[in-house]
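Enquirer: Below is the file structure_1.cif, with mmCIF, C-alpha atoms.
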```
data_my_file
loop_
_atom_site.label_atom_id
_atom_site.label_comp_id
_atom_site.auth_asym_id
_atom_site.auth_seq_id
_atom_site.Cartn_x
_atom_site.Cartn_y
_atom_site.Cartn_z
CA MET A 1 -27.45 -16.04 -79.09
CA THR A 2 -26.77 -15.11 -75.49
CA ILE A 3 -23.37 -14.15 -74.11
CA LYS A 4 -23.05 -17.53 -72.36
CA GLN A 5 -23.80 -19.40 -75.59
CA ALA A 6 -21.35 -17.25 -77.52
CA ARG A 7 -18.65 -18.02 -74.95
CA LYS A 8 -19.33 -21.75 -75.20
CA HIS A 9 -19.14 -21.74 -78.99
CA LEU A 10 -16.03 -19.55 -78.84
CA SER A 11 -14.44 -21.98 -76.39
CA SER A 12 -15.13 -24.90 -78.74
CA TRP A 13 -13.74 -22.93 -81.70
CA TRP A 14 -10.65 -21.92 -79.70
CA TYR A 15 -10.04 -25.55 -78.70
CA ASP A 16 -10.02 -26.62 -82.35
CA LEU A 17 -7.83 -23.67 -83.30
CA GLN A 18 -5.18 -24.51 -80.71
CA ASP A 19 -4.80 -28.02 -82.12
CA SER A 20 -4.24 -26.82 -85.68
CA LEU A 21 -0.81 -26.84 -87.32
CA TRP A 22 -1.24 -23.42 -88.88
CA PHE A 23 -2.46 -21.08 -86.12
CA LEU A 24 0.64 -20.67 -83.93
CA PRO A 25 3.05 -20.66 -86.92
CA ALA A 26 0.88 -17.95 -88.50
CA LEU A 27 1.10 -15.86 -85.32
CA LEU A 28 4.89 -16.23 -85.16
CA THR A 29 5.18 -15.34 -88.84
CA LEU A 30 3.07 -12.24 -88.26
CA LEU A 31 5.34 -11.32 -85.34
CA ALA A 32 8.38 -11.72 -87.61
CA VAL A 33 6.80 -9.41 -90.19
CA VAL A 34 6.20 -6.77 -87.53
CA LEU A 35 9.81 -7.15 -86.31
CA ALA A 36 11.13 -6.77 -89.86
CA PHE A 37 9.28 -3.50 -90.49
CA GLY A 38 10.12 -2.28 -86.99
CA PHE A 39 13.88 -2.87 -87.21
CA VAL A 40 14.07 -1.50 -90.74
CA ARG A 41 12.36 1.63 -89.47
CA LEU A 42 14.86 1.77 -86.59
CA ASP A 43 17.74 1.52 -89.07
CA GLN A 44 16.24 4.30 -91.16
CA SER A 45 16.04 6.56 -88.13
CA LEU A 46 19.62 5.80 -87.08
CA THR A 47 21.03 5.77 -90.64
CA LEU A 48 24.08 3.80 -89.49
CA ASP A 49 25.06 3.17 -93.07
CA GLN A 50 25.50 6.89 -93.70
CA ARG A 51 27.23 7.89 -90.45
CA GLY A 52 30.49 6.01 -90.23
CA GLN A 53 31.45 7.79 -87.06
CA ASP A 54 28.49 6.19 -85.24
CA LYS A 55 29.23 2.61 -86.26
CA ALA A 56 31.78 2.22 -83.48
CA SER A 57 29.02 2.94 -80.99
CA TYR A 58 27.06 -0.01 -82.41
CA PHE A 59 29.81 -2.64 -82.50
CA PHE A 60 27.25 -5.43 -82.56
CA ALA A 61 25.69 -4.28 -85.82
CA PHE A 62 26.45 -5.78 -89.21
CA GLY A 63 29.42 -3.97 -90.74
CA GLY A 64 29.31 -5.09 -94.36
CA GLY A 65 28.01 -3.34 -97.44
CA ALA A 66 24.88 -3.83 -99.50
CA GLU A 67 26.15 -6.89 -101.35
CA GLY A 68 27.29 -8.54 -98.13
CA ALA A 69 23.92 -7.89 -96.46
CA ARG A 70 22.08 -9.31 -99.45
CA GLY A 71 24.28 -12.40 -99.43
CA VAL A 72 23.69 -13.03 -95.72
CA LEU A 73 19.91 -12.57 -95.88
CA SER A 74 19.61 -14.58 -99.10
CA ALA A 75 21.48 -17.45 -97.47
CA ILE A 76 19.27 -17.28 -94.38
CA ALA A 77 16.04 -17.13 -96.42
CA GLY A 78 17.05 -19.99 -98.73
CA THR A 79 18.22 -22.18 -95.87
CA MET A 80 15.13 -21.56 -93.74
CA ILE A 81 12.63 -22.44 -96.45
CA THR A 82 14.58 -25.64 -97.20
CA VAL A 83 14.73 -26.63 -93.53
CA THR A 84 11.03 -25.81 -93.16
CA GLY A 85 10.23 -28.25 -95.95
CA VAL A 86 12.31 -30.94 -94.23
CA VAL A 87 10.62 -30.29 -90.87
CA PHE A 88 7.18 -30.41 -92.47
CA SER A 89 8.06 -33.69 -94.19
CA LEU A 90 9.27 -35.21 -90.90
CA THR A 91 6.06 -34.10 -89.21
CA ILE A 92 3.95 -35.78 -91.91
CA ILE A 93 6.02 -38.96 -91.56
CA ALA A 94 5.46 -38.90 -87.78
CA LEU A 95 1.72 -38.52 -88.37
CA GLN A 96 1.72 -41.50 -90.73
CA LEU A 97 3.70 -43.64 -88.28
CA ALA A 98 1.42 -42.68 -85.39
CA SER A 99 -1.68 -43.46 -87.43
CA SER A 100 -0.47 -46.86 -88.60
CA GLN A 101 1.43 -47.95 -85.47
CA TYR A 102 -0.96 -46.70 -82.77
CA THR A 103 -4.32 -45.29 -83.81
CA PRO A 104 -5.62 -42.41 -85.99
CA ARG A 105 -7.18 -41.01 -82.81
CA VAL A 106 -3.77 -39.76 -81.62
CA LEU A 107 -3.13 -37.59 -84.71
CA ARG A 108 -4.63 -34.60 -82.93
CA THR A 109 -1.92 -35.02 -80.32
CA PHE A 110 0.75 -34.42 -82.96
CA THR A 111 -0.98 -31.55 -84.76
CA GLY A 112 -1.65 -29.89 -81.40
CA ASP A 113 1.90 -30.41 -80.13
CA ARG A 114 3.27 -27.01 -79.11
CA GLY A 115 6.84 -28.04 -79.91
CA ASN A 116 6.02 -28.83 -83.53
CA GLN A 117 3.98 -25.66 -83.90
CA ILE A 118 6.68 -23.40 -82.45
CA VAL A 119 9.46 -24.94 -84.56
CA LEU A 120 7.47 -24.46 -87.76
CA GLY A 121 6.61 -20.91 -86.70
CA VAL A 122 10.24 -19.99 -85.95
CA PHE A 123 11.50 -21.32 -89.27
CA ILE A 124 8.77 -19.70 -91.37
CA GLY A 125 9.03 -16.48 -89.36
CA THR A 126 12.80 -16.28 -89.89
CA PHE A 127 12.31 -16.83 -93.62
CA ALA A 128 9.68 -14.06 -93.78
CA TYR A 129 11.87 -11.71 -91.74
CA ALA A 130 14.92 -12.22 -93.99
CA LEU A 131 12.81 -11.74 -97.12
CA LEU A 132 11.28 -8.47 -95.93
CA VAL A 133 14.57 -6.98 -94.74
CA LEU A 134 16.22 -8.04 -98.01
CA ARG A 135 13.83 -5.89 -100.04
CA SER A 136 14.90 -2.73 -98.17
CA ILE A 137 18.61 -2.96 -99.03
CA ARG A 138 19.91 -0.52 -101.67
CA SER A 139 23.44 -0.04 -102.93
CA SER A 140 24.91 3.37 -103.84
CA GLU A 141 24.83 2.51 -107.54
CA GLU A 142 21.05 2.08 -107.49
CA THR A 143 18.45 4.84 -107.71
CA GLY A 144 18.43 6.97 -104.57
CA PRO A 145 20.83 6.92 -101.61
CA GLY A 146 22.28 3.58 -100.52
CA PHE A 147 20.81 1.91 -97.46
CA VAL A 148 22.06 -1.09 -95.47
CA PRO A 149 19.86 -1.90 -92.44
CA ALA A 150 22.73 -3.00 -90.19
CA ILE A 151 20.69 -3.72 -87.07
CA SER A 152 18.01 -5.56 -89.07
CA VAL A 153 20.63 -7.79 -90.70
CA THR A 154 22.17 -8.49 -87.29
CA VAL A 155 18.78 -9.51 -85.92
CA GLY A 156 18.37 -11.80 -88.94
CA ILE A 157 21.67 -13.51 -88.10
CA VAL A 158 20.53 -13.93 -84.48
CA LEU A 159 17.26 -15.47 -85.67
CA ALA A 160 19.26 -17.88 -87.84
CA PHE A 161 21.22 -19.09 -84.81
CA ILE A 162 17.98 -19.39 -82.81
CA SER A 163 16.57 -21.50 -85.64
CA ILE A 164 19.59 -23.79 -85.44
CA GLY A 165 18.82 -24.34 -81.76
CA PHE A 166 15.20 -25.10 -82.56
CA LEU A 167 16.30 -27.56 -85.27
CA ILE A 168 18.37 -29.49 -82.71
CA PHE A 169 15.40 -29.44 -80.33
CA TYR A 170 13.04 -30.64 -83.07
CA ILE A 171 15.20 -33.63 -83.95
CA HIS A 172 15.16 -34.72 -80.30
CA HIS A 173 11.46 -33.88 -79.87
CA ILE A 174 10.17 -35.75 -82.93
CA ALA A 175 12.30 -38.80 -82.08
CA ARG A 176 10.69 -38.97 -78.62
CA ALA A 177 7.20 -38.09 -79.81
CA ILE A 178 6.80 -41.32 -81.80
CA GLN A 179 7.94 -43.59 -78.95
CA ALA A 180 5.19 -45.84 -77.66
CA SER A 181 5.65 -44.84 -74.02
CA VAL A 182 5.39 -41.12 -74.86
CA VAL A 183 2.27 -41.58 -77.00
CA VAL A 184 0.55 -43.67 -74.32
CA GLN A 185 1.59 -41.28 -71.55
CA HIS A 186 0.27 -38.25 -73.43
CA ALA A 187 -3.07 -39.95 -74.11
CA ALA A 188 -3.31 -40.94 -70.44
CA LYS A 189 -2.49 -37.39 -69.31
CA GLU A 190 -5.29 -35.94 -71.41
CA THR A 191 -7.71 -38.57 -70.08
CA LEU A 192 -6.78 -37.86 -66.45
CA HIS A 193 -7.41 -34.18 -67.06
CA LEU A 194 -10.92 -35.03 -68.23
CA VAL A 195 -11.49 -37.09 -65.06
CA ASP A 196 -11.38 -33.89 -63.03
CA VAL A 197 -13.90 -32.32 -65.40
CA ALA A 198 -16.42 -35.19 -65.51
CA PHE A 199 -15.91 -36.49 -61.96
CA PRO A 200 -14.98 -33.66 -59.56
CA ARG A 201 -13.34 -34.68 -56.30
CA GLU A 202 -15.91 -32.88 -54.20
CA LEU A 203 -19.59 -32.36 -54.95
CA ASP A 204 -21.40 -29.15 -54.17
CA GLU A 205 -24.47 -29.05 -51.93
CA GLU A 206 -26.86 -29.52 -54.84
CA ALA A 207 -24.95 -32.54 -56.15
CA ARG A 208 -24.88 -34.14 -52.71
CA ASN A 209 -28.64 -33.70 -52.37
CA PRO A 210 -29.99 -34.04 -55.91
CA PRO A 211 -33.67 -33.40 -56.61
CA ALA A 212 -35.98 -36.32 -57.25
CA MET A 213 -36.91 -37.00 -60.84
CA PRO A 214 -40.66 -36.48 -61.31
CA PRO A 215 -42.67 -39.16 -63.15
CA LEU A 216 -42.75 -38.00 -66.76
CA ALA A 217 -43.64 -41.16 -68.66
CA LYS A 218 -47.36 -40.36 -68.60
CA THR A 219 -46.87 -36.77 -69.65
CA MET A 220 -46.53 -35.70 -73.25
CA ALA A 221 -43.13 -34.20 -74.07
CA SER A 222 -41.98 -31.97 -76.88
CA ARG A 223 -38.91 -33.21 -78.74
CA VAL A 224 -36.22 -30.81 -79.91
CA CYS A 225 -34.65 -32.31 -83.05
CA THR A 226 -31.55 -31.44 -85.03
CA ASP A 227 -31.42 -30.76 -88.75
CA HIS A 228 -27.86 -32.01 -89.19
CA GLY A 229 -25.81 -34.90 -87.85
CA GLY A 230 -22.63 -34.84 -85.82
CA TYR A 231 -20.93 -35.81 -82.59
CA VAL A 232 -21.93 -34.11 -79.36
CA GLN A 233 -18.72 -32.28 -78.48
CA SER A 234 -19.88 -30.27 -75.47
CA VAL A 235 -23.00 -29.13 -73.65
CA ASP A 236 -23.57 -25.65 -72.25
CA GLU A 237 -25.04 -26.65 -68.89
CA SER A 238 -25.24 -23.07 -67.62
CA THR A 239 -27.48 -21.99 -70.50
CA LEU A 240 -29.75 -25.02 -70.10
CA ARG A 241 -30.16 -24.32 -66.38
CA ASP A 242 -31.25 -20.80 -67.25
CA ILE A 243 -33.78 -22.13 -69.78
CA VAL A 244 -35.55 -24.47 -67.33
CA ALA A 245 -36.06 -21.59 -64.88
CA ARG A 246 -38.17 -19.34 -67.08
CA ASP A 247 -39.89 -16.30 -65.66
CA ASP A 248 -43.42 -17.53 -66.31
CA GLU A 249 -43.03 -21.27 -65.60
CA GLU A 250 -40.60 -24.05 -64.75
CA LEU A 251 -39.51 -26.61 -67.34
CA VAL A 252 -38.00 -30.07 -67.26
CA ILE A 253 -35.40 -30.70 -69.97
CA ARG A 254 -33.83 -34.11 -70.53
CA LEU A 255 -30.96 -34.45 -72.96
CA GLU A 256 -31.22 -37.61 -75.03
CA HIS A 257 -27.51 -37.96 -75.86
CA GLN A 258 -24.39 -37.61 -73.76
CA VAL A 259 -21.13 -36.05 -74.85
CA GLY A 260 -19.40 -38.21 -77.46
CA SER A 261 -22.58 -39.70 -78.94
CA PHE A 262 -23.33 -39.39 -82.64
CA VAL A 263 -26.64 -37.76 -83.50
CA VAL A 264 -28.21 -38.51 -86.88
CA PRO A 265 -30.12 -35.78 -88.74
CA GLY A 266 -33.66 -35.48 -87.46
CA ALA A 267 -32.92 -37.20 -84.14
CA ALA A 268 -34.11 -35.75 -80.86
CA LEU A 269 -31.54 -33.73 -78.96
CA ALA A 270 -33.74 -33.18 -75.92
CA SER A 271 -37.23 -33.69 -74.52
CA VAL A 272 -39.06 -30.83 -72.84
CA TRP A 273 -41.93 -30.90 -70.34
CA PRO A 274 -44.55 -29.50 -70.53
CA ALA A 275 -44.82 -29.81 -74.29
CA SER A 276 -46.86 -26.64 -74.63
CA SER A 277 -43.94 -24.53 -73.34
CA CYS A 278 -41.45 -25.63 -75.98
CA GLY A 279 -41.71 -22.79 -78.48
CA GLY A 280 -39.33 -21.63 -81.15
CA GLU A 281 -37.18 -19.57 -78.79
CA VAL A 282 -36.70 -22.44 -76.33
CA GLU A 283 -35.88 -24.89 -79.12
CA ASP A 284 -33.30 -22.54 -80.63
CA CYS A 285 -31.61 -22.01 -77.27
CA ILE A 286 -31.43 -25.76 -76.63
CA ARG A 287 -29.95 -26.43 -80.08
CA LYS A 288 -27.30 -23.75 -79.56
CA ALA A 289 -26.44 -25.12 -76.12
CA ILE A 290 -25.61 -28.56 -77.58
CA ILE A 291 -22.54 -28.23 -79.80
CA LEU A 292 -22.27 -30.79 -82.61
CA GLY A 293 -19.07 -31.35 -84.56
CA ASP A 294 -17.57 -33.55 -87.26
CA GLU A 295 -15.47 -35.57 -84.82
CA ARG A 296 -15.12 -36.43 -81.17
CA THR A 297 -12.69 -34.28 -79.21
CA LEU A 298 -11.01 -34.35 -75.81
CA GLN A 299 -12.56 -31.06 -74.80
CA SER A 300 -15.06 -32.72 -72.43
CA ASP A 301 -15.46 -36.30 -73.71
CA ILE A 302 -13.80 -38.65 -71.21
CA GLY A 303 -15.08 -41.68 -73.10
CA TYR A 304 -12.97 -40.59 -76.05
CA GLY A 305 -9.89 -40.48 -73.83
CA ILE A 306 -10.49 -44.07 -72.74
CA ARG A 307 -11.22 -44.97 -76.38
CA GLN A 308 -7.81 -43.65 -77.42
CA LEU A 309 -5.96 -45.84 -74.93
CA ALA A 310 -8.08 -48.87 -75.80
CA ASP A 311 -7.43 -48.36 -79.51
CA ILE A 312 -3.67 -48.20 -78.89
CA ALA A 313 -3.86 -51.53 -77.07
CA ILE A 314 -6.04 -53.09 -79.79
CA LYS A 315 -3.72 -51.87 -82.55
CA ALA A 316 -0.69 -53.24 -80.72
CA LEU A 317 -2.39 -56.65 -80.45
CA SER A 318 -3.16 -56.84 -84.18
CA PRO A 319 -1.20 -59.42 -86.22
CA GLY A 320 0.36 -56.67 -88.32
CA ILE A 321 1.87 -54.91 -85.28
CA ASN A 322 2.16 -57.74 -82.71
CA ASP A 323 3.43 -55.53 -79.86
CA PRO A 324 1.98 -56.84 -76.58
CA THR A 325 4.32 -54.62 -74.54
CA THR A 326 2.63 -51.48 -75.85
CA ALA A 327 -0.74 -53.10 -75.22
CA THR A 328 0.11 -53.73 -71.57
CA MET A 329 1.28 -50.13 -71.18
CA ALA A 330 -2.04 -48.88 -72.51
CA ILE A 331 -3.91 -51.26 -70.19
CA ASP A 332 -1.94 -49.92 -67.22
CA ARG A 333 -2.79 -46.33 -68.15
CA MET A 334 -6.48 -47.18 -68.52
CA ALA A 335 -6.32 -48.71 -65.05
CA GLU A 336 -4.84 -45.47 -63.72
CA ALA A 337 -7.73 -43.46 -65.13
CA LEU A 338 -10.38 -45.92 -63.96
CA VAL A 339 -9.00 -45.98 -60.42
CA GLU A 340 -9.26 -42.20 -60.30
CA ILE A 341 -12.81 -42.36 -61.62
CA GLY A 342 -13.81 -45.16 -59.24
CA ARG A 343 -12.69 -43.14 -56.23
CA ARG A 344 -14.73 -40.10 -57.12
CA PRO A 345 -18.31 -39.51 -55.92
CA MET A 346 -20.92 -40.05 -58.61
CA ARG A 347 -23.04 -37.03 -59.46
CA SER A 348 -26.73 -37.43 -60.15
CA PRO A 349 -27.81 -36.63 -63.71
CA VAL A 350 -30.71 -34.55 -62.32
CA ARG A 351 -29.82 -30.89 -61.65
CA ARG A 352 -31.89 -27.95 -60.55
CA GLY A 353 -32.19 -24.89 -62.70
CA LYS A 354 -31.28 -21.34 -61.86
CA ASP A 355 -32.37 -20.30 -58.34
CA GLY A 356 -33.50 -23.89 -57.71
CA ARG A 357 -36.33 -23.70 -60.24
CA GLY A 358 -36.93 -26.28 -62.97
CA LEU A 359 -35.06 -29.51 -63.60
CA LEU A 360 -32.34 -30.48 -66.06
CA VAL A 361 -31.41 -34.12 -66.75
CA LEU A 362 -27.93 -34.55 -68.22
CA PRO A 363 -26.83 -38.12 -69.03
CA GLY A 364 -23.21 -38.42 -68.02
CA PRO A 365 -20.45 -41.02 -68.22
CA GLU A 366 -20.98 -44.11 -66.09
CA VAL A 367 -18.16 -46.11 -64.52
CA GLU A 368 -19.59 -49.42 -65.74
CA ARG A 369 -19.79 -48.17 -69.31
CA LEU A 370 -16.21 -46.82 -69.18
CA VAL A 371 -14.91 -50.15 -67.87
CA GLU A 372 -16.62 -51.98 -70.74
CA LEU A 373 -15.28 -49.44 -73.22
CA ALA A 374 -11.77 -49.94 -71.88
CA PHE A 375 -11.56 -53.72 -71.72
CA THR A 376 -14.18 -55.42 -73.91
CA GLN A 377 -12.33 -55.23 -77.23
CA VAL A 378 -8.92 -55.57 -75.59
CA ARG A 379 -10.20 -58.80 -74.01
CA HIS A 380 -11.44 -60.03 -77.38
CA TYR A 381 -8.13 -59.48 -79.18
CA GLY A 382 -5.76 -60.26 -76.29
CA ALA A 383 -7.26 -63.36 -74.67
CA ALA A 384 -5.24 -65.70 -76.91
CA ASP A 385 -1.95 -64.29 -75.57
CA PRO A 386 -1.23 -65.77 -72.11
CA MET A 387 0.88 -62.80 -71.02
CA VAL A 388 -1.73 -60.24 -72.07
CA ALA A 389 -4.61 -62.24 -70.59
CA GLU A 390 -2.77 -62.64 -67.28
CA HIS A 391 -1.86 -58.96 -67.18
CA LEU A 392 -5.42 -57.94 -68.00
CA VAL A 393 -6.84 -60.04 -65.16
CA LEU A 394 -4.27 -58.73 -62.68
CA VAL A 395 -4.97 -55.13 -63.69
CA LEU A 396 -8.69 -55.63 -63.19
CA GLY A 397 -7.92 -56.95 -59.72
CA ARG A 398 -5.77 -53.92 -58.88
CA ILE A 399 -8.57 -51.61 -59.98
CA ALA A 400 -11.08 -53.51 -57.84
CA GLU A 401 -8.87 -53.01 -54.78
CA HIS A 402 -8.96 -49.23 -55.05
CA VAL A 403 -12.46 -48.34 -56.26
CA ASP A 404 -15.68 -48.07 -54.33
CA HIS A 405 -17.64 -51.23 -53.56
CA GLU A 406 -20.46 -50.36 -55.96
CA HIS A 407 -18.12 -50.52 -59.00
CA ARG A 408 -16.46 -53.88 -58.30
CA GLN A 409 -19.02 -56.16 -59.91
CA VAL A 410 -18.36 -54.94 -63.44
CA LEU A 411 -14.63 -55.57 -62.89
CA ILE A 412 -15.33 -59.09 -61.60
CA ASP A 413 -17.51 -59.75 -64.65
CA GLN A 414 -14.74 -58.56 -66.96
CA ALA A 415 -12.19 -60.81 -65.24
CA ARG A 416 -14.49 -63.81 -65.57
CA MET A 417 -14.99 -63.11 -69.28
CA VAL A 418 -11.22 -62.85 -69.79
CA LEU A 419 -10.84 -66.20 -68.05
CA ASP A 420 -13.57 -67.82 -70.19
CA ALA A 421 -12.04 -66.45 -73.40
CA ALA A 422 -8.57 -67.62 -72.35
CA ARG A 423 -9.86 -71.15 -71.70
CA GLU A 424 -11.26 -71.26 -75.24
CA GLN A 425 -8.32 -69.68 -77.09
CA ILE A 426 -5.22 -70.77 -75.13
CA THR A 427 -4.33 -74.37 -75.94
CA LEU A 428 -1.55 -75.16 -73.46
CA PRO A 429 -2.84 -76.18 -70.00
CA ALA A 430 0.12 -74.49 -68.28
CA ASP A 431 -0.79 -71.14 -69.84
CA GLN A 432 -4.43 -71.64 -68.89
CA ASP A 433 -3.44 -72.32 -65.29
CA ARG A 434 -1.38 -69.15 -65.30
CA VAL A 435 -4.38 -67.04 -66.23
CA GLU A 436 -6.64 -68.88 -63.79
CA ARG A 437 -4.25 -68.25 -60.91
CA ALA A 438 -4.23 -64.57 -61.79
CA ALA A 439 -8.05 -64.56 -61.69
CA VAL A 440 -8.39 -66.07 -58.21
CA TRP A 441 -9.06 -62.60 -56.78
CA ALA A 442 -12.34 -62.35 -58.73
CA GLU A 443 -13.98 -65.27 -56.95
CA ALA A 444 -12.55 -64.21 -53.59
CA THR A 445 -13.85 -60.66 -54.00
CA ALA A 446 -17.27 -61.83 -55.13
CA TYR A 447 -17.50 -64.18 -52.14
CA ALA A 448 -16.41 -61.42 -49.74
CA ASP A 449 -18.98 -59.00 -51.16
#
```
Mind converting the file's structure to structure tokens?
Expert:
Amino acid sequence: MTIKQARKHLSSWWYDLQDSLWFLPALLTLLAVVLAFGFVRLDQSLTLDQRGQDKASYFFAFGGGAEGARGVLSAIAGTMITVTGVVFSLTIIALQLASSQYTPRVLRTFTGDRGNQIVLGVFIGTFAYALLVLRSIRSSEETGPGFVPAISVTVGIVLAFISIGFLIFYIHHIARAIQASVVVQHAAKETLHLVDVAFPRELDEEARNPPAMPPLAKTMASRVCTDHGGYVQSVDESTLRDIVARDDEELVIRLEHQVGSFVVPGAALASVWPASSCGGEVEDCIRKAIILGDERTLQSDIGYGIRQLADIAIKALSPGINDPTTATMAIDRMAEALVEIGRRPMRSPVRRGKDGRGLLVLPGPEVERLVELAFTQVRHYGAADPMVAEHLVLVLGRIAEHVDHEHRQVLIDQARMVLDAAREQITLPADQDRVERAAVWAEATAYAD
């Protein structure tokens, strides 16, 4: 594995690690352990418990005896582990509510929430700190000289007050985190971030003048297959561009699946021309450059971001939830992302290799496909509601006003399908007229084009 490949795999691993509920709390707990040993060592060097004349110089330090220190730390440790259990229970409840009320796709948002991770880490870290300092306390009646780590106990009290502040923050944070507007906004924010990754605002010289794709249909290709299934989470483009520009010859590599697609075991990951050049080393490098995982992620999959918002809208339109307001919010956020995408220049899937040698074909997200992904199922489940159907048609019109001319037809087609579905499912003529008036822009735009 090359350095570039190792970095790509490490980046994917680090992305998963950041969204886990255990990593940051584990780091904070480890920090608390280090602080506990460090402050106990500081107390041992100062020996404040043995030099009464020095205690006045450290007025901030704990002034009680061994029993008092044990009582304080025991209370802190017992309280922190109880509060941690309550916080963990509230987090699980929030996950269940988010899964049932919105979509299971947003669960990663909650597990990766830095606020939740830090709160859990502070509580568990404070518990670990109090427990470790507690073991160092000795009274004068016990074996050896008595020892009361005054500074360490004081730090434990400070950590307890900090934990109280974090508890107040957590109550506010978890109450906001399950609100529909916050969930939709967070999903839209992640999607907009991916827009900059998949559709850069400015194309480089190579992207503005892409190479022509040579005719390959008549040429035999070698297929690089996978031995296990999974979702394509990311593609190491830099490594692939190095592969096509080999020292002895130039290759053409075409990836058969874009990011977010599911690949079954034995399916072709890529095709390589000429077939005679696809040896074991090339195949291994290609397999390592295409990272497969158990689930789709928001690392570089913009289609998954749109899918999240669409699923929120679909879930809100279900009979069990019946929340059209949340559905319209999700539709608005999808429109925001699609307008940004529709304004960006489209990059050719054909790229040159290193130093302009060889060709690499990377299938990327298409605006037409993203529009269908966003609105097809929402149209199916929302066409019977006059308010949702009207809002959907109006949103499609607003998108059409702000995107490039080449992307308008798919929006017009979607508006016409919403109108056809509304005519079939809405029974009242007044509601049908409402949707039809909202769809007037579609015919006007098509006529103008």
Enquirer: Just give me the gap between CA of Ile151 in chain A and CA of Ala36 in chain A in Å, one decimal is fine.
Expert: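 These two atoms are separated by 10.4 Å.
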Enquirer: If we count all atoms listed in the file, what is near Gly320 in chain A at a cut-off of 12 Å, once residues fewer than 3 positions away on the same chain are taken out, given as a short mmCIF file (atom, residue, chain, number, x, y, z; two decimals) with C-alpha atoms, keeping the file's coordinate frame?
Expert:
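This went into around.cif:
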```cif
data_model
loop_
_atom_site.label_atom_id
_atom_site.label_comp_id
_atom_site.auth_asym_id
_atom_site.auth_seq_id
_atom_site.Cartn_x
_atom_site.Cartn_y
_atom_site.Cartn_z
CA SER A 100 -0.47 -46.86 -88.60
CA GLN A 101 1.43 -47.95 -85.47
CA TYR A 102 -0.96 -46.70 -82.77
CA ILE A 314 -6.04 -53.09 -79.79
CA LYS A 315 -3.72 -51.87 -82.55
CA ALA A 316 -0.69 -53.24 -80.72
CA LEU A 317 -2.39 -56.65 -80.45
CA ASP A 323 3.43 -55.53 -79.86
CA PRO A 324 1.98 -56.84 -76.58
#
```
Enquirer: Go through A:Gln44, A:Thr91, A:Gln233, A:Ser318 one by one, measure the shortest atom-to-atom distance of each to Ala177 in chain A using only C-alpha atoms, and give the residue with the smallest value.
Expert: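 Ranked by minimum distance to Ala177 in chain A, first place goes to A:Thr91.
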Enquirer: What's the separation between CA of Thr154 in chain A and CA of Ile124 in chain A, in Å to one decimal place?
Expert: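 Taking CA of Thr154 in chain A and CA of Ile124 in chain A, their separation equals 17.9 Å.
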Enquirer: Need to verify the contact set: range 385-389 of chain A, 8 Å, all atoms listed in the file, exclusion of same-chain residues closer than 5 positions in sequence. Can you return it as a PyMOL selection string?
Expert: chain A and resi 324+327-328+379+418-419+422+426+431-432+434-435
Enquirer: A:Leu255, A:Ala130, A:Val153, A:Ala442: which is nearest Trp273 in chain A, counting only C-alpha atoms?
Expert: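 With only C-alpha atoms as the atom set, the closest residue is A:Leu255.
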Enquirer: Show me, as a ChimeraX atom specification, the residues that have an atom within 9 Å of Ile412 in chain A when counting all atoms listed in the file, minus same-chain residues fewer than 6 positions from it.
Expert: /A:396-397,400,441-443,445-446
Enquirer: Hey, what's within 10 Å of Ser276 in chain A if we count only C-alpha atoms and toss same-chain stuff fewer than 3 positions away? As a PDB file with C-alpha atoms, in the coordinates of the input, please?
Expert:
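result01.pdb, written as the output of this step:
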```
ATOM      1  CA  MET A 220     -46.530 -35.700 -73.250  1.00  0.00           C
ATOM      2  CA  ALA A 221     -43.130 -34.200 -74.070  1.00  0.00           C
ATOM      3  CA  SER A 222     -41.980 -31.970 -76.880  1.00  0.00           C
ATOM      4  CA  VAL A 272     -39.060 -30.830 -72.840  1.00  0.00           C
ATOM      5  CA  TRP A 273     -41.930 -30.900 -70.340  1.00  0.00           C
ATOM      6  CA  GLY A 279     -41.710 -22.790 -78.480  1.00  0.00           C
TER       7      GLY A 279
END
```
Enquirer: Using the chain letters and numbering of this document, enumerate as a PyMOL selection string the residues selected by the PyMOL selection byres ((chain A and resi 23) around 12).
Expert: chain A and resi 14-22+24-30+111-114+116-118+120-121
Enquirer: Would you compute the distance between CA of Ala66 in chain A and CA of Ile137 in chain A? Give it in Å to one decimal.
Expert: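 That distance, rounded to one decimal, is 6.3 Å.
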Enquirer: Which one is closest to Arg347 in chain A: A:Val106, A:Leu360, A:Leu131, A:Leu203? Count only C-alpha atoms.
Expert: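 So, comparing all the options, the nearest one is A:Leu203.
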Enquirer: Closest to Val195 in chain A among A:Ile302, A:Met417, A:Val393, A:Ala69, using all atoms listed in the file?
Expert: A:Ile302
Enquirer: Please evaluate the PyMOL selection byres ((chain A and resi 261) around 9) against the structure above and give the resulting residues as an MDAnalysis selection string.
Expert: chainID A and resid 230:233 257:260 262:263 296
